[in-house]
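K.L.:
Structure provided below as structure tokens; questions to follow.
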Amino acid sequence: MRGLERLVGRALQAGKSKSFAQLRNRWSCISSSITSSHLDSSKGNMYLTYSSFTSSSAISSLKSEKWTIFQGQRRTMFIQTQPTPNPSSLMFYPGKPVMEVGSADFPNARVAMNSPLAKALFGVDGITRVFFGSDFVTVTKSDEVSWDLLKPDIFAAIMDFYTSGQPLFLDANSAASKDTAIHEDDSETVAMIKELLETRIRPAVQDDGGDIEYRGFDPDSGIVKLKMQGACSGCPSSSVTLKSGIENMLMHYVPELASMEFLV
């Protein structure tokens, strides 16, 4: 929720009101490896030790108390998880960069075919959406499965990807969307909207495991079109509080803005 708090705080500050106090988030920390394991059920933290020659199936079998030791280069990885306002979405921090620029949203497995990491995550039963941020991966699940069952396979998919040396995208031209890039023919209003989205709103939304995309502005009606992505798409919080914070921020700095339309 820290992204939401930041956004609401900024909106209040813009209106010369006191911002909300920052709340501490609880982090679930995972240190992984393949030669040993430890599960702290009281804190929900998992500690693994792994080798570069292990398969994901070995990691997913958490009921086994002993691991087979593989010969080869020993690598370690520290993965953190953080909840989002959407209970069906969880953020995974691999401790390494994910997207160098922008973000990428994968609403289904077909769209994920050009990304080895996204494709591997969709290979886990129960995963319905994947989102890449600058240093995190947001995974959305169906309501029928629990995170306790999904996490081991998600950890394995992320670790396998980073140890494989594969590119994030198979197509080199698949880069982040440039929706907020300011062009020469953009009006002053459009340029201001894009600047606010990129510098103030997008960082706050990404803190909650999602992103926001600019889809256009109609100067006649004063309506700006936006699209929520990642954990914020279909999220109970984003339908009311988050969208309200975004609207307050934009309408404070852009008087030409009459309302917002969120595309599905």
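Just remember, in the structure tokens the first chain shown is A, the second B, etc., residues are 1-based per chain, and ligands are 1-based in the order shown.
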Compile the contact shell of Gly133 in chain A as a list in words: residues with an atom at most 10 Å away, counting only C-alpha atoms, same-chain residues fewer than 4 positions apart removed.

P.N.:
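Selected residues are Met91, Tyr93, Pro97, Val98, Met99, Glu100, Val101, Gly102, Ser103, Ala104, Asp105, Val137, Thr138, Ala176, Gln206, Asp207, Gly209, Gly210, Asp211 and Gly230 of chain A.
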
K.L.:
Please extract the residues of range 76-209 of chain A with a backbone DSSP assignment of helix (DSSP H, G or I) and present them as a PyMOL selection string.

P.N.:
chain A and resi 111-114+116-122+147-164+188-206

K.L.:
Counting only C-alpha atoms, what are the residues of range 90-197 of chain A within 10 Å of range 216-219 of chain A, and for each of them which pair of atoms is the nearest and at what distance in Å, to one decimal? Sort the table by chain and rising number, as a tab-separated table.

P.N.:
residue	atom	partner	partner_atom	distance
A:Asp179	CA	A:Gly216	CA	9.1
A:Ser187	CA	A:Pro219	CA	9.5
A:Thr189	CA	A:Pro219	CA	8.6
A:Val190	CA	A:Phe217	CA	6.9
A:Ile193	CA	A:Phe217	CA	8.9
A:Lys194	CA	A:Gly216	CA	9.8

K.L.:
Taking only C-alpha atoms into account, which of A:Pro255, A:Pro167, A:Gly222, A:Pro85 comes nearest Thr241 in chain A?

P.N.:
A:Pro85

K.L.:
Which value, in Å to one decimal, gives the distance between CA of Thr180 in chain A and CA of Asn108 in chain A?

P.N.:
24.0 Å

K.L.:
Could you tell me which of A:Lys151, A:Ser164, A:Met249, A:Ser221 comes closest to Leu197 in chain A if we count only C-alpha atoms?

P.N.:
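Going through A:Lys151, A:Ser164, A:Met249, A:Ser221 one by one, the smallest distance to Leu197 in chain A is for A:Met249.
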
K.L.:
Between A:Pro83, A:Lys96, A:Arg202, A:Leu170, which has the minimum distance to Lys119 in chain A (counting only C-alpha atoms)?

P.N.:
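Comparing A:Pro83, A:Lys96, A:Arg202, A:Leu170 against Lys119 in chain A, the winner is A:Leu170.
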
K.L.:
Nearest to Phe131 in chain A among A:Ala231, A:Leu150, A:Met260, A:Leu226, with distances taken over only C-alpha atoms: which residue is it?

P.N.:
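Of the candidates, the smallest distance to Phe131 in chain A is held by A:Ala231.
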
K.L.:
For CA of Leu242 in chain A and CA of Met192 in chain A, quote the distance in Å rounded to one decimal.

P.N.:
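Taking CA of Leu242 in chain A as the start and CA of Met192 in chain A as the end point, the length is 20.0 Å.
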
K.L.:
Do you know which residues are at most 10 Å from Glu247 in chain A counting only C-alpha atoms, after dropping those on the same chain fewer than 2 positions away, and could you put them as number ranges by chain?

P.N.:
A: 11, 224, 241-245, 249-252, 257-261

K.L.:
Among range 170-235 of chain A, which ones does DSSP place in strand (DSSP E), written as a list in words?

P.N.:
Gly210, Asp211, Ile212, Glu213, Tyr214, Arg215, Gly216, Phe217, Asp218, Ile223, Val224, Lys225, Leu226, Lys227, Met228, Gln229 and Gly230 of chain A
